[in-house]
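Engineer: Sharing a structure here in structure tokens format.
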Amino acid sequence: MNTITFPLLNLELNINKTAFEIFGIPVYWYAILIVVGILIALFLCKKQDGKYGIKFDDILTLSIILIPISFISARIYYVIFSLEDYQNIIDILNVKDGGLAIYGGIIGGLTVAYIFCKKRKIDLLDLTDYIVPFLALGQGIGRWGNFINVEAYGTNTNLPWKMGIQIQNEIQYVHPTFLYESICNFIIFIILNKISKKRKYQGQITYYYIIMYSFIRMIIENLRIDSLMLYNLRISRSFIVCIICSILYNNSKKRK
């Protein structure tokens with residue numbers, strides 16, 4: 001049971017990571033929120049059937065392959081940069097307390113999507129333009145799994161919207177960075193959804209997503225205390241990706 005407080009709202013929550021059990025097997029809120037994010041994204045994808053020449057049937061077929069691969073690659077990415085936290089294969093396979101990295105999921109997903117597009121003769125940028133608004137929405141929903149697991153929070157703060165969590169039997173007030181990113185992802189979804197209605201060239205929506213998401217992660221990573229590290233480098237501080245995509249975006253505009 002996790003105790004979480006929001007003094008500004010005079011709110012104290014006691015949240016169990018387990019939502020319910022089926023035949024003695026626990027079902028965690030973390031998993032439920034991920035599934036809800038996926039289902040909502042697929043539902044909205046269906047409403048866009050035919051956009052950019054992409055059929056929803058292709059999206060559904062791709063999802064059956066892409067979702068488990070993305071999940072596995074997100075876990076592998078996280079574990080690689082947190083090896084000191086894992087003693088054996090059982091620990092690595094145990095994801096009930098979280099431990100998924102979105103960049104790993106995107107890498108795995110893009111690899112699957114590239115192969116899928118080659119076989120189906122679909123333009124990859126058309127496909128990613130179709131998908132990324134709903135990817136942002138799913139990320140925004142999934143971040144609430146971090147809230148329930150009391151992870152992906154930030155440094156100590158006294159700001160009015162601070163979040164209180166229990167650390168070593170003491171309530172400490174921290175930045176609710178999960179909330180920052182969730183809100184930003186919802187905003188990205190709204191912006192991309194609007195832009196997608198008047199797309200000017202292939203890849204425009206994809207570049208916008210990468211630029212905006214990289215930018216917010218670059219800022220939020222400065223506040224988080226659990227960033228994945230490579231020596232002294234925060235792996236998710238993605239300003240380089242942001243710059244590269246900005247260049248690609250500008251070059252694409254010139255080719256219009």
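In the structure tokens, the first chain shown is A, the next is B, and so on; residue numbers restart at 1 for each chain, and ligands run from 1 in the order shown.
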Would you list the contacts of Cys184 of chain A as a list in words, taking every protein, DNA or RNA residue within 8 Å and counting only C-alpha atoms, but skipping same-chain residues closer than 3 positions in sequence?
Structural biologist: Gly140, Tyr180, Glu181, Ile187, Ile188 and Ile216 of chain A
Engineer: Using DSSP on the backbone coordinates, identify all residues within segment 96-250 of chain A classified as helix (DSSP H, G or I); present the result as a PyMOL selection string.
Structural biologist: chain A and resi 102-120+124-149+177-196+204-221+239-250
Engineer: Residues at most 7 Å from segment 125-138 of chain A, counting only C-alpha atoms, excluding those fewer than 6 positions away in the same chain, as a list in words?
Structural biologist: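 Close residues of segment 125-138 of chain A: Gly37, Ile38, Ala41, Tyr52, Ile54, Asn185, Phe186, Ile188, Phe189, Leu192, Asn193, Gln202, Gly203, Ile205, Thr206 and Tyr209 of chain A.
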Engineer: What lies within 8 Å of Leu8 of chain A using only C-alpha atoms, ignoring chain neighbours under 5 positions off, as an MDAnalysis selection string?
Structural biologist: chainID A and resid 160:162
Engineer: Grab the atom CA of Ile92 of chain A to atom CA of Phe71 of chain A distance for me, in Å with one decimal place.
Structural biologist: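 Answer for the atom CA of Ile92 of chain A to atom CA of Phe71 of chain A separation: 13.0 Å.
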Engineer: Can you list, as a list of chain:residue names, every residue of segment 102-200 of chain A that DSSP puts in strand (DSSP E or B)?
Structural biologist: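 Result set for segment 102-200 of chain A (strand (DSSP E or B)): A:Gly154, A:Asn156, A:Met163, A:Gly164, A:Ile165, A:Gln166, A:Ile167, A:Glu170, A:Ile171, A:Gln172, A:Tyr173, A:Val174.
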Engineer: Kindly export the residues of the current selection with all heavy atoms, as a JSON list (two decimals), in the first residue's frame.
Structural biologist:
```
[["chain", "number", "residue", "atom", "x", "y", "z"],
["A", 154, "GLY", "N", 10.18, 13.24, -8.95],
["A", 154, "GLY", "CA", 11.32, 14.13, -9.07],
["A", 154, "GLY", "C", 12.00, 14.45, -7.76],
["A", 154, "GLY", "O", 11.80, 13.77, -6.74],
["A", 156, "ASN", "N", 13.12, 16.85, -4.44],
["A", 156, "ASN", "CA", 12.33, 17.52, -3.41],
["A", 156, "ASN", "C", 11.96, 18.95, -3.83],
["A", 156, "ASN", "O", 12.73, 19.62, -4.50],
["A", 156, "ASN", "CB", 13.12, 17.56, -2.09],
["A", 156, "ASN", "CG", 13.32, 16.19, -1.50],
["A", 156, "ASN", "OD1", 14.36, 15.58, -1.69],
["A", 156, "ASN", "ND2", 12.33, 15.69, -0.79],
["A", 163, "MET", "N", 4.03, 16.79, -4.38],
["A", 163, "MET", "CA", 3.42, 15.50, -4.06],
["A", 163, "MET", "C", 4.17, 14.88, -2.90],
["A", 163, "MET", "O", 5.41, 14.83, -2.90],
["A", 163, "MET", "CB", 3.50, 14.57, -5.29],
["A", 163, "MET", "CG", 2.95, 13.18, -5.04],
["A", 163, "MET", "SD", 3.00, 12.14, -6.55],
["A", 163, "MET", "CE", 4.76, 11.81, -6.72],
["A", 164, "GLY", "N", 3.45, 14.42, -1.90],
["A", 164, "GLY", "CA", 4.07, 13.79, -0.75],
["A", 164, "GLY", "C", 4.09, 12.28, -0.89],
["A", 164, "GLY", "O", 3.06, 11.67, -1.19],
["A", 165, "ILE", "N", 5.26, 11.68, -0.72],
["A", 165, "ILE", "CA", 5.38, 10.23, -0.78],
["A", 165, "ILE", "C", 6.17, 9.75, 0.43],
["A", 165, "ILE", "O", 6.94, 10.50, 1.03],
["A", 165, "ILE", "CB", 6.09, 9.76, -2.08],
["A", 165, "ILE", "CG1", 7.50, 10.37, -2.18],
["A", 165, "ILE", "CG2", 5.26, 10.10, -3.29],
["A", 165, "ILE", "CD1", 8.29, 9.86, -3.35],
["A", 166, "GLN", "N", 5.95, 8.50, 0.78],
["A", 166, "GLN", "CA", 6.61, 7.95, 1.96],
["A", 166, "GLN", "C", 7.93, 7.29, 1.57],
["A", 166, "GLN", "O", 7.96, 6.34, 0.79],
["A", 166, "GLN", "CB", 5.70, 6.94, 2.66],
["A", 166, "GLN", "CG", 6.19, 6.53, 4.03],
["A", 166, "GLN", "CD", 5.12, 5.78, 4.81],
["A", 166, "GLN", "OE1", 3.98, 5.66, 4.37],
["A", 166, "GLN", "NE2", 5.48, 5.27, 5.97],
["A", 167, "ILE", "N", 9.02, 7.83, 2.11],
["A", 167, "ILE", "CA", 10.35, 7.28, 1.86],
["A", 167, "ILE", "C", 11.00, 7.02, 3.20],
["A", 167, "ILE", "O", 11.21, 7.94, 4.00],
["A", 167, "ILE", "CB", 11.22, 8.25, 1.03],
["A", 167, "ILE", "CG1", 10.55, 8.56, -0.31],
["A", 167, "ILE", "CG2", 12.62, 7.67, 0.82],
["A", 167, "ILE", "CD1", 11.31, 9.56, -1.16],
["A", 170, "GLU", "N", 9.12, 8.24, 6.20],
["A", 170, "GLU", "CA", 9.04, 9.70, 6.31],
["A", 170, "GLU", "C", 8.40, 10.27, 5.04],
["A", 170, "GLU", "O", 8.70, 9.83, 3.94],
["A", 170, "GLU", "CB", 10.44, 10.29, 6.48],
["A", 170, "GLU", "CG", 10.46, 11.81, 6.54],
["A", 170, "GLU", "CD", 11.88, 12.35, 6.56],
["A", 170, "GLU", "OE1", 12.83, 11.53, 6.63],
["A", 170, "GLU", "OE2", 12.05, 13.58, 6.49],
["A", 171, "ILE", "N", 7.48, 11.21, 5.22],
["A", 171, "ILE", "CA", 6.84, 11.85, 4.07],
["A", 171, "ILE", "C", 7.78, 12.91, 3.50],
["A", 171, "ILE", "O", 8.21, 13.81, 4.22],
["A", 171, "ILE", "CB", 5.49, 12.49, 4.44],
["A", 171, "ILE", "CG1", 4.49, 11.43, 4.87],
["A", 171, "ILE", "CG2", 4.93, 13.29, 3.27],
["A", 171, "ILE", "CD1", 4.07, 10.49, 3.76],
["A", 172, "GLN", "N", 8.11, 12.76, 2.23],
["A", 172, "GLN", "CA", 8.93, 13.75, 1.55],
["A", 172, "GLN", "C", 8.12, 14.33, 0.38],
["A", 172, "GLN", "O", 7.35, 13.62, -0.26],
["A", 172, "GLN", "CB", 10.23, 13.13, 1.04],
["A", 172, "GLN", "CG", 11.14, 12.64, 2.14],
["A", 172, "GLN", "CD", 12.51, 12.21, 1.61],
["A", 172, "GLN", "OE1", 12.94, 12.66, 0.55],
["A", 172, "GLN", "NE2", 13.19, 11.35, 2.36],
["A", 173, "TYR", "N", 8.33, 15.62, 0.12],
["A", 173, "TYR", "CA", 7.58, 16.29, -0.92],
["A", 173, "TYR", "C", 8.44, 16.46, -2.16],
["A", 173, "TYR", "O", 9.54, 17.00, -2.10],
["A", 173, "TYR", "CB", 7.07, 17.64, -0.41],
["A", 173, "TYR", "CG", 6.07, 17.47, 0.71],
["A", 173, "TYR", "CD1", 6.44, 17.66, 2.04],
["A", 173, "TYR", "CD2", 4.76, 17.07, 0.44],
["A", 173, "TYR", "CE1", 5.52, 17.48, 3.07],
["A", 173, "TYR", "CE2", 3.84, 16.89, 1.46],
["A", 173, "TYR", "CZ", 4.23, 17.08, 2.77],
["A", 173, "TYR", "OH", 3.32, 16.89, 3.77],
["A", 174, "VAL", "N", 7.91, 15.97, -3.28],
["A", 174, "VAL", "CA", 8.70, 15.90, -4.51],
["A", 174, "VAL", "C", 7.91, 16.44, -5.70],
["A", 174, "VAL", "O", 6.69, 16.63, -5.62],
["A", 174, "VAL", "CB", 9.12, 14.43, -4.80],
["A", 174, "VAL", "CG1", 9.97, 13.87, -3.68],
["A", 174, "VAL", "CG2", 7.86, 13.56, -5.01]]
```
Engineer: Between atom CA of Val79 of chain A and atom CA of Gly99 of chain A, what distance in Å does the model show, to one decimal?
Structural biologist: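 Distance between the two atoms: 7.6 Å.
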Engineer: Between A:Gly145, A:Ile72, A:Cys45, A:Pro176, which is the closest to Leu159 of chain A once you count only C-alpha atoms?
Structural biologist: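 Result for the nearest residue to Leu159 of chain A: A:Pro176.
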Engineer: List the spatial neighbours of segment 19-24 of chain A as a list of chain:residue names - criterion: any atom at most 12 Å away, only C-alpha atoms, same-chain residues fewer than 4 positions off excluded.
Structural biologist: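 So, after excluding close chain neighbours, the residues are A:Met1, A:Ile15, A:Tyr28, A:Trp29, A:Tyr30, A:Ala31, A:Ile32, A:Leu33, A:Lys96, A:Gly145, A:Ile148, A:Asn149.
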Engineer: Could you dump the residues just selected with C-alpha atoms as a short mmCIF file (atom, residue, chain, number, x, y, z; two decimals), in the first residue's frame?
Structural biologist:
```cif
data_model
loop_
_atom_site.label_atom_id
_atom_site.label_comp_id
_atom_site.auth_asym_id
_atom_site.auth_seq_id
_atom_site.Cartn_x
_atom_site.Cartn_y
_atom_site.Cartn_z
CA MET A 1 0.00 0.00 0.00
CA ILE A 15 -3.23 3.05 -3.11
CA TYR A 28 -1.72 -4.71 -11.21
CA TRP A 29 -2.96 -1.19 -11.92
CA TYR A 30 0.27 -0.58 -13.83
CA ALA A 31 -0.66 -3.26 -16.37
CA ILE A 32 -4.30 -2.17 -16.51
CA LEU A 33 -3.38 1.41 -17.36
CA LYS A 96 5.02 -5.60 -11.53
CA GLY A 145 0.92 3.65 -13.69
CA ILE A 148 0.39 4.21 -8.54
CA ASN A 149 3.80 2.50 -8.31
#
```
Engineer: Taking only C-alpha atoms into account, name the residue in A:Ile211, A:Ile65, A:Ile59, A:Ile141 that is nearest to Ser182 of chain A.
Structural biologist: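 For Ser182 of chain A, the nearest of the candidates is A:Ile141.
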